[in-house]
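This report refers to the structure that appears directly beneath it.
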Amino acid sequence: MRIDQSMEKKLKDILLGAARRAFENGLLKSDVLSDMEIEVPRHDNHGDFSSNVAMVSASVQKMAPRKIAEALIAHLEDPHGIIEKCEIAGPGFINFFLTPASWHPVVQMVHEKDHGFGALEMGQGKKVQVEFVSANPTGPLHVGHGRGAAVGDAVGNILAFAGYDVQKEYYINDSGRQIRTLGRSVWLRLCEALGREIDFPDDCYQGEYIREIAGEILDHMGKDLGDKEEAQGVDICARYAADKILKGIQDDLADFGVTFDQWFSEQSLYDSGRVQAVIEMFREKDVIYEKDGAMWFKTEAFGDEKDRVVVRQNGLTTYFASDIAYHMEKFDRGFDRVIDVWGADHHGYINRINASIDASGRSSDQFDVILIQLVNLLRGGAPVAMSTRAGEFVTLKDIVDEVGRDAARFLFLSRSFDSGLDFDLELAKQQTSENPVYYVQYVHARIAGIMIKALEQGVLDTNDVAWQDIDLSCLTQVEEIKLIKALAAFPGAVGKSASTLHPHVIFTYLMTLASTFHGYYNRHKVITDDKNITLARLCLVGAVKKVIRNALTLLGVSAPERM
RNA sequence: GCGCCAGUAGCUCAGCUGGAUAGAGCAACGGACUUCUAAUCCGUAGGUCGCAGGUUCGAGUCCUGCCUGGCGUACCA
């Protein structure tokens, strides 16, 4: 029996073999079985695995599902003795109850694959780019960016673990109006600091950090700067401020444990002439046309609600123009798949990007957008007042400083990004059972404690145990089998998480595994008087420790040895 | 008006490309520390899966219509 083959696959093969024999013996009308599923039933009394094969094959076989099931069961061959019993239930489910011993190889497989347990070849090395955060360098990252950062980073990790060649990228909007506005904001604050009367417009950036940057520029460059022409001063301020803020963003992300393979500058698309070239190219293809003094992209012809402007009457390009160039550039870099992580308030943008990709000759099937719903920041159940316009908001750095990186990341990933998220600062700080991050990390720390104890008592001589050689046949308690089954479910969770791009699947998996472990821990002692049982259980909990670590790593959360 | 997301226990949410008796956590109540970490566990209670139709062996899940909430519908980003 191949140890690295999933239980589902084994059972599927057994069923296919049975179908062939049943057909040869004339009990089935065809040896073809429709696409069957082997799944883990919700209820224990429905067995370890269940198959709907008899039901989905009913029309092909032109037989009643239960009759098909009977024929299959009569011809089952189980050379490795993994099936303890087999039942037909309900409308025609075939339920498999497996022997405890059939689960034991899973534990050894975890130890053997170690950091690689759960990794898949689903992606087949395809190149995927995940672009996320990409906040304008006009102010510090806030809570919403934090959720996007946690999700984007986790999605990248999960896809890489599922066998994709992943590149994480941050797109810097360092061009265009918002940067000029930033420069103007800083320049005005700088003038203000020099004692001049200023009129600070509403559409300038209101935050206190603008004053700080202005002060910093004055310290560095001296008060003479104030004598410069406004245009030049604004330009200097814009460059300095954008650079400064970007560095701050990079630091905050690093503190949050998020790193990027590439930081891609929007301005570079203009500097290299890429934006103009793309506009020209689409003009020649007649996809871009002129109307009312502006240039329009024919997005409506590719499924958008209406056409969109790429060059305004005043000759300036829109954000959309550089975005078209950027996404074309991504595909030119050879990515098979491009994933953007956006805030849900940008959803109206999806159709036009899809349209531009389809118009370019690529397929928007290769492009996915992860839309992240809003975060409601709470403190002790009450909403935290925030106003972006007034520049009053809680930054990502504030949150990481207050609740810690692990708690913040874990909570950001606790829900599907399709749903709004309540993030309670008090709850995130609490070191109690209400806080799921400790619930899971505690498993890791507890097992680490057991290992230390085992070393102290001399049950183990070394940390470097040959776990694969340990006899596990004494692991027959129901809680032990339940725990092994939870371990065996990890690769499936990774696959589901990767195929749906939903990291919270890993969160949910971790909560289930942690709960199963805590239940086992409270009912059974790992270190006992019986040496064989002790070693086998150490082997089991050691495997749990590794899977907890692997899963937490995917989410960017640490696995502490001690708490 | 049109579009996207959501509507599941008192609260916050899971529920895999349709499967059997819809699950956790919190809050409530009752128990478990001479023990490898009680940051834990066990038990009790809690439901018209927003509403109405449809598709089929079978619907929380898919389709249609409606209701409610959030967001979006720029020659802004």
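We label chains A, B, ... in the order they appear in the structure tokens, count residues from 1 in each chain, and number ligands from 1 in the order shown.
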
At a cut-off of 7 Å, can you tabulate as a Markdown table every residue of chain B near chain A together with its closest atom pair and the distance in Å to one decimal, using only C-alpha atoms (C1' of nucleotides) and ordering rows by chain then number?
| residue | atom | partner | partner_atom | distance |
| --- | --- | --- | --- | --- |
| B:C4 | C1' | A:His347 | CA | 6.4 |
| B:C5 | C1' | A:Asp418 | CA | 6.3 |
| B:A6 | C1' | A:Ser419 | CA | 6.3 |
| B:C16 | C1' | A:Lys496 | CA | 6.8 |
| B:A20 | C1' | A:Gly90 | CA | 6.0 |
| B:C26 | C1' | A:Glu434 | CA | 6.8 |
| B:C36 | C1' | A:Ile450 | CA | 4.6 |
| B:U37 | C1' | A:Arg446 | CA | 6.2 |
| B:A39 | C1' | A:Thr432 | CA | 5.1 |
| B:U40 | C1' | A:His518 | CA | 6.5 |
| B:C41 | C1' | A:Asn522 | CA | 5.6 |
| B:C71 | C1' | A:Asp345 | CA | 5.7 |
| B:G72 | C1' | A:Gly348 | CA | 5.9 |
| B:C75 | C1' | A:Arg312 | CA | 4.6 |
| B:A77 | C1' | A:Tyr319 | CA | 6.8 |

Would you list, as a PyMOL selection string, the residues of region 279-331 of chain A that end up in helix (DSSP H, G or I) under DSSP run on this structure's backbone?
chain A and resi 279-284+300-302+319-331

Write the residues you've just listed into a file as a compact mmCIF listing (two decimals), in the first residue's frame, and include N, CA and C atoms for each of them.
# COMPACT_ATOMS: atom_id res chain seq x y z
N ILE A 279 -1.76 52.41 -25.33
CA ILE A 279 -2.85 53.20 -25.90
C ILE A 279 -2.77 53.20 -27.42
N GLU A 280 -1.57 53.38 -27.94
CA GLU A 280 -1.36 53.34 -29.39
C GLU A 280 -1.81 52.01 -29.97
N MET A 281 -1.37 50.98 -29.31
CA MET A 281 -1.66 49.63 -29.79
C MET A 281 -3.18 49.40 -29.89
N PHE A 282 -3.89 49.84 -28.86
CA PHE A 282 -5.35 49.65 -28.87
C PHE A 282 -6.04 50.60 -29.85
N ARG A 283 -5.42 51.74 -30.09
CA ARG A 283 -5.98 52.64 -31.10
C ARG A 283 -5.92 51.99 -32.46
N GLU A 284 -4.78 51.37 -32.75
CA GLU A 284 -4.62 50.70 -34.04
C GLU A 284 -5.61 49.55 -34.18
N GLU A 300 -17.43 48.32 -23.22
CA GLU A 300 -18.80 47.78 -23.30
C GLU A 300 -18.87 46.58 -24.23
N ALA A 301 -18.06 46.63 -25.30
CA ALA A 301 -18.05 45.52 -26.25
C ALA A 301 -17.51 44.24 -25.60
N PHE A 302 -16.86 44.38 -24.45
CA PHE A 302 -16.30 43.20 -23.77
C PHE A 302 -16.97 42.97 -22.42
N TYR A 319 -6.40 56.65 -14.24
CA TYR A 319 -5.85 55.50 -13.52
C TYR A 319 -6.05 54.22 -14.33
N PHE A 320 -7.20 54.17 -15.01
CA PHE A 320 -7.52 52.99 -15.81
C PHE A 320 -6.47 52.74 -16.89
N ALA A 321 -5.95 53.84 -17.47
CA ALA A 321 -4.97 53.70 -18.55
C ALA A 321 -3.72 52.96 -18.06
N SER A 322 -3.19 53.41 -16.92
CA SER A 322 -1.98 52.74 -16.44
C SER A 322 -2.31 51.33 -15.94
N ASP A 323 -3.55 51.15 -15.50
CA ASP A 323 -3.93 49.81 -15.04
C ASP A 323 -4.02 48.81 -16.19
N ILE A 324 -4.46 49.29 -17.35
CA ILE A 324 -4.47 48.42 -18.52
C ILE A 324 -3.04 48.00 -18.84
N ALA A 325 -2.17 49.01 -18.87
CA ALA A 325 -0.77 48.73 -19.19
C ALA A 325 -0.16 47.79 -18.15
N TYR A 326 -0.50 48.03 -16.90
CA TYR A 326 0.06 47.20 -15.83
C TYR A 326 -0.36 45.74 -15.96
N HIS A 327 -1.64 45.52 -16.22
CA HIS A 327 -2.10 44.12 -16.30
C HIS A 327 -1.57 43.43 -17.55
N MET A 328 -1.40 44.18 -18.62
CA MET A 328 -0.77 43.57 -19.79
C MET A 328 0.67 43.22 -19.49
N GLU A 329 1.30 44.11 -18.77
CA GLU A 329 2.69 43.87 -18.39
C GLU A 329 2.81 42.62 -17.53
N LYS A 330 1.86 42.43 -16.64
CA LYS A 330 1.88 41.23 -15.79
C LYS A 330 1.88 39.97 -16.65
N PHE A 331 0.96 39.92 -17.60
CA PHE A 331 0.88 38.71 -18.43
C PHE A 331 2.12 38.57 -19.30

Between CA of Leu120 (chain A) and CA of Ser102 (chain A), distance in Å (one decimal)
22.0 Å

Using DSSP secondary structure from the backbone, list all strand (DSSP E) positions within region 213-432 of chain A, as a VMD selection string.
chain A and resid 262 to 265 288 to 291 294 to 297 308 to 311 337 to 343 367 to 372 375 to 379 382 to 383 421 to 424

What's around G7 (chain B) at 12 Å? Count only C-alpha atoms (C1' of nucleotides), leave out sequence neighbours fewer than 6 positions away in its own chain, and write the answer as a tab-separated table (two decimals) with all heavy atoms, in the first residue's frame.
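Once written, around_37.tsv looks like this:
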chain	number	residue	atom	x	y	z
A	419	SER	N	-17.38	38.32	3.68
A	419	SER	CA	-18.22	38.89	4.73
A	419	SER	C	-17.49	40.03	5.42
A	419	SER	O	-16.26	40.01	5.55
A	419	SER	CB	-18.55	37.83	5.79
A	419	SER	OG	-19.32	36.82	5.22
B	49	C	P	-35.64	26.91	7.92
B	49	C	OP1	-35.84	26.88	6.45
B	49	C	OP2	-35.17	25.74	8.62
B	49	C	O5'	-34.64	28.11	8.27
B	49	C	C5'	-34.49	29.20	7.37
B	49	C	C4'	-33.05	29.65	7.40
B	49	C	O4'	-32.22	28.59	7.91
B	49	C	C3'	-32.49	30.03	6.04
B	49	C	O3'	-31.69	31.19	6.20
B	49	C	C2'	-31.64	28.83	5.65
B	49	C	O2'	-30.55	29.18	4.84
B	49	C	C1'	-31.14	28.37	7.02
B	49	C	N1	-30.80	26.95	7.04
B	49	C	C2	-29.45	26.58	6.90
B	49	C	O2	-28.61	27.47	6.75
B	49	C	N3	-29.12	25.27	6.92
B	49	C	C4	-30.06	24.36	7.09
B	49	C	N4	-29.69	23.08	7.12
B	49	C	C5	-31.44	24.70	7.24
B	49	C	C6	-31.76	25.99	7.22
B	50	G	P	-31.64	32.26	5.06
B	50	G	OP1	-31.84	31.60	3.78
B	50	G	OP2	-30.42	33.03	5.37
B	50	G	O5'	-32.91	33.18	5.33
B	50	G	C5'	-33.21	33.67	6.64
B	50	G	C4'	-34.31	34.69	6.52
B	50	G	O4'	-33.78	35.87	5.86
B	50	G	C3'	-35.48	34.25	5.64
B	50	G	O3'	-36.43	33.51	6.38
B	50	G	C2'	-36.03	35.59	5.13
B	50	G	O2'	-36.83	36.21	6.12
B	50	G	C1'	-34.73	36.40	4.96
B	50	G	N9	-34.19	36.30	3.61
B	50	G	C8	-32.96	35.81	3.25
B	50	G	N7	-32.74	35.86	1.97
B	50	G	C5	-33.90	36.41	1.45
B	50	G	C6	-34.26	36.71	0.11
B	50	G	O6	-33.59	36.54	-0.93
B	50	G	N1	-35.51	37.26	0.02
B	50	G	C2	-36.35	37.50	1.08
B	50	G	N2	-37.54	38.03	0.80
B	50	G	N3	-36.04	37.23	2.34
B	50	G	C4	-34.80	36.69	2.45
B	51	C	P	-37.18	32.26	5.65
B	51	C	OP1	-37.92	31.53	6.70
B	51	C	OP2	-36.22	31.54	4.78
B	51	C	O5'	-38.22	33.00	4.70
B	51	C	C5'	-39.26	33.80	5.25
B	51	C	C4'	-40.10	34.38	4.14
B	51	C	O4'	-39.30	35.32	3.36
B	51	C	C3'	-40.59	33.38	3.10
B	51	C	O3'	-41.73	32.67	3.53
B	51	C	C2'	-40.85	34.27	1.89
B	51	C	O2'	-42.06	34.98	2.04
B	51	C	C1'	-39.70	35.26	2.00
B	51	C	N1	-38.54	34.85	1.18
B	51	C	C2	-38.59	35.08	-0.21
B	51	C	O2	-39.60	35.61	-0.68
B	51	C	N3	-37.56	34.71	-0.98
B	51	C	C4	-36.49	34.12	-0.42
B	51	C	N4	-35.48	33.78	-1.24
B	51	C	C5	-36.41	33.86	0.98
B	51	C	C6	-37.45	34.24	1.74
B	60	G	P	-32.39	22.63	2.49
B	60	G	OP1	-31.72	21.39	2.92
B	60	G	OP2	-33.82	22.84	2.88
B	60	G	O5'	-31.56	23.87	3.02
B	60	G	C5'	-32.10	25.18	2.92
B	60	G	C4'	-31.00	26.20	2.92
B	60	G	O4'	-30.05	25.83	3.95
B	60	G	C3'	-30.17	26.24	1.64
B	60	G	O3'	-30.76	27.10	0.69
B	60	G	C2'	-28.83	26.75	2.12
B	60	G	O2'	-28.86	28.16	2.27
B	60	G	C1'	-28.73	26.12	3.52
B	60	G	N9	-27.96	24.88	3.52
B	60	G	C8	-28.42	23.61	3.75
B	60	G	N7	-27.49	22.69	3.69
B	60	G	C5	-26.35	23.40	3.41
B	60	G	C6	-25.02	22.95	3.22
B	60	G	O6	-24.57	21.80	3.27
B	60	G	N1	-24.16	24.01	2.93
B	60	G	C2	-24.52	25.32	2.84
B	60	G	N2	-23.56	26.18	2.55
B	60	G	N3	-25.77	25.76	3.02
B	60	G	C4	-26.62	24.75	3.30
B	67	C	P	-38.61	44.41	-3.55
B	67	C	OP1	-39.31	45.72	-3.55
B	67	C	OP2	-37.30	44.29	-4.22
B	67	C	O5'	-38.45	43.91	-2.05
B	67	C	C5'	-39.56	43.93	-1.16
B	67	C	C4'	-39.15	43.45	0.21
B	67	C	O4'	-38.72	42.06	0.13
B	67	C	C3'	-37.93	44.17	0.80
B	67	C	O3'	-38.27	45.40	1.41
B	67	C	C2'	-37.42	43.14	1.80
B	67	C	O2'	-38.19	43.14	2.98
B	67	C	C1'	-37.66	41.83	1.05
B	67	C	N1	-36.48	41.38	0.30
B	67	C	C2	-35.41	40.79	1.00
B	67	C	O2	-35.51	40.67	2.23
B	67	C	N3	-34.32	40.38	0.32
B	67	C	C4	-34.26	40.53	-1.00
B	67	C	N4	-33.17	40.10	-1.63
B	67	C	C5	-35.33	41.13	-1.74
B	67	C	C6	-36.41	41.54	-1.05
B	68	U	P	-37.19	46.60	1.43
B	68	U	OP1	-37.86	47.79	1.98
B	68	U	OP2	-36.56	46.66	0.09
B	68	U	O5'	-36.10	46.09	2.47
B	68	U	C5'	-36.43	46.01	3.85
B	68	U	C4'	-35.28	45.42	4.63
B	68	U	O4'	-35.00	44.07	4.16
B	68	U	C3'	-33.94	46.14	4.46
B	68	U	O3'	-33.85	47.30	5.27
B	68	U	C2'	-32.95	45.06	4.86
B	68	U	O2'	-32.89	44.90	6.27
B	68	U	C1'	-33.61	43.81	4.26
B	68	U	N1	-33.07	43.49	2.92
B	68	U	C2	-31.86	42.82	2.86
B	68	U	O2	-31.24	42.49	3.85
B	68	U	N3	-31.41	42.54	1.59
B	68	U	C4	-32.03	42.87	0.41
B	68	U	O4	-31.49	42.56	-0.66
B	68	U	C5	-33.27	43.57	0.56
B	68	U	C6	-33.75	43.85	1.78
B	69	G	P	-32.95	48.54	4.78
B	69	G	OP1	-33.23	49.67	5.70
B	69	G	OP2	-33.13	48.70	3.33
B	69	G	O5'	-31.47	48.03	5.04
B	69	G	C5'	-30.98	47.94	6.37
B	69	G	C4'	-29.63	47.28	6.39
B	69	G	O4'	-29.72	45.96	5.79
B	69	G	C3'	-28.53	47.96	5.57
B	69	G	O3'	-27.98	49.08	6.22
B	69	G	C2'	-27.54	46.82	5.40
B	69	G	O2'	-26.80	46.61	6.58
B	69	G	C1'	-28.47	45.64	5.17
B	69	G	N9	-28.70	45.39	3.75
B	69	G	C8	-29.80	45.69	3.00
B	69	G	N7	-29.69	45.34	1.74
B	69	G	C5	-28.43	44.77	1.66
B	69	G	C6	-27.74	44.21	0.55
B	69	G	O6	-28.12	44.09	-0.61
B	69	G	N1	-26.47	43.74	0.91
B	69	G	C2	-25.95	43.82	2.17
B	69	G	N2	-24.72	43.33	2.33
B	69	G	N3	-26.58	44.34	3.22
B	69	G	C4	-27.80	44.80	2.89
B	70	G	P	-27.34	50.26	5.35
B	70	G	OP1	-27.03	51.38	6.27
B	70	G	OP2	-28.21	50.49	4.17
B	70	G	O5'	-25.96	49.63	4.83
B	70	G	C5'	-24.92	49.34	5.75
B	70	G	C4'	-23.77	48.69	5.04
B	70	G	O4'	-24.20	47.43	4.46
B	70	G	C3'	-23.23	49.45	3.83
B	70	G	O3'	-22.37	50.52	4.20
B	70	G	C2'	-22.52	48.35	3.06
B	70	G	O2'	-21.29	48.02	3.68
B	70	G	C1'	-23.49	47.19	3.26
B	70	G	N9	-24.46	47.12	2.15
B	70	G	C8	-25.76	47.55	2.13
B	70	G	N7	-26.35	47.34	0.98
B	70	G	C5	-25.37	46.74	0.19
B	70	G	C6	-25.42	46.29	-1.15
B	70	G	O6	-26.36	46.31	-1.94
B	70	G	N1	-24.20	45.74	-1.54
B	70	G	C2	-23.09	45.65	-0.75
B	70	G	N2	-22.00	45.10	-1.31
B	70	G	N3	-23.03	46.06	0.50
B	70	G	C4	-24.20	46.60	0.90

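For Leu501 (chain A), the list of residues within 8 Å, based on only C-alpha atoms (C1' of nucleotides) and with local chain neighbours fewer than 3 positions off taken out, reads Val155, Ile370, Ser497 and Ala498 of chain A.
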
Okay, now the selection with N, CA and C atoms, as a JSON list (two decimals), in the first residue's frame?
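Saved file result_23.json follows:
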[["chain", "number", "residue", "atom", "x", "y", "z"],
["A", 155, "VAL", "N", -2.98, 33.87, 0.89],
["A", 155, "VAL", "CA", -3.34, 33.26, -0.39],
["A", 155, "VAL", "C", -2.07, 32.88, -1.15],
["A", 370, "ILE", "N", -9.83, 39.14, -5.78],
["A", 370, "ILE", "CA", -10.33, 38.83, -4.45],
["A", 370, "ILE", "C", -10.83, 40.14, -3.86],
["A", 497, "SER", "N", -8.70, 25.31, 0.09],
["A", 497, "SER", "CA", -8.33, 26.69, 0.32],
["A", 497, "SER", "C", -7.69, 27.28, -0.94],
["A", 498, "ALA", "N", -6.84, 26.49, -1.58],
["A", 498, "ALA", "CA", -6.15, 26.98, -2.78],
["A", 498, "ALA", "C", -7.11, 27.12, -3.95]]

What does the distance between CA of Leu16 (chain A) and CA of Ala488 (chain A) come to in Å, to one decimal place?
22.6 Å

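Every protein, DNA or RNA residue with an atom at most 9 Å from region 78-87 of chain A, where only C-alpha atoms (C1' of nucleotides) count and chain neighbours fewer than 4 positions away do not, is listed here: Met1, Ile14, His46, Gly47, Ile73, Phe93, Ile94, Asn95, Phe96, Phe97, Leu98, Thr99, Pro100, Ala101, Ser102 and Trp103 of chain A.
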
Output C-alpha atoms for every residue in the selection just made, as a CSV table (one decimal), in the first residue's frame.
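Everything below was put into selection_29.csv:
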chain,number,residue,atom,x,y,z
A,1,MET,CA,0.0,0.0,0.0
A,14,ILE,CA,-11.5,-0.5,-4.5
A,46,HIS,CA,-22.1,7.0,8.8
A,47,GLY,CA,-18.6,5.7,8.9
A,73,ILE,CA,-20.3,-4.6,-1.9
A,93,PHE,CA,-24.9,5.6,0.3
A,94,ILE,CA,-22.1,3.1,0.8
A,95,ASN,CA,-20.5,3.8,4.1
A,96,PHE,CA,-17.0,2.5,4.9
A,97,PHE,CA,-15.8,1.9,8.4
A,98,LEU,CA,-12.1,1.5,8.5
A,99,THR,CA,-9.8,-0.4,10.8
A,100,PRO,CA,-7.8,1.7,13.3
A,101,ALA,CA,-4.6,0.3,11.8
A,102,SER,CA,-5.5,1.7,8.4
A,103,TRP,CA,-5.1,5.2,9.8

If we count only C-alpha atoms (C1' of nucleotides) and set the cut-off at 12 Å, which residues sit around region 202-218 of chain A, ignoring sequence neighbours fewer than 4 positions away in its own chain? Please answer as a VMD selection string.
(chain A and resid 137 to 140 177 to 194 222 to 227 233 to 234 236 to 245 248 386 to 395) or (chain B and resid 76)

Could you jot down the CA of Val459 (chain A) to CA of Thr476 (chain A) separation for me, Å, one decimal place?
21.0 Å

Shell of 9 Å around Val341 (chain A), only C-alpha atoms (C1' of nucleotides), local chain residues under 4 positions omitted, as a list in words
Val130, Glu131, Phe132, Val133, Ser134, Gly148, Ala149, Val151, Gly152, Asp368, Val369, Ile370, Leu371 and Ile372 of chain A

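Closest to Gly495 (chain A) among A:Gly123, A:Gln276, A:Asp31, A:Ala22 is A:Gly123, based on only C-alpha atoms.
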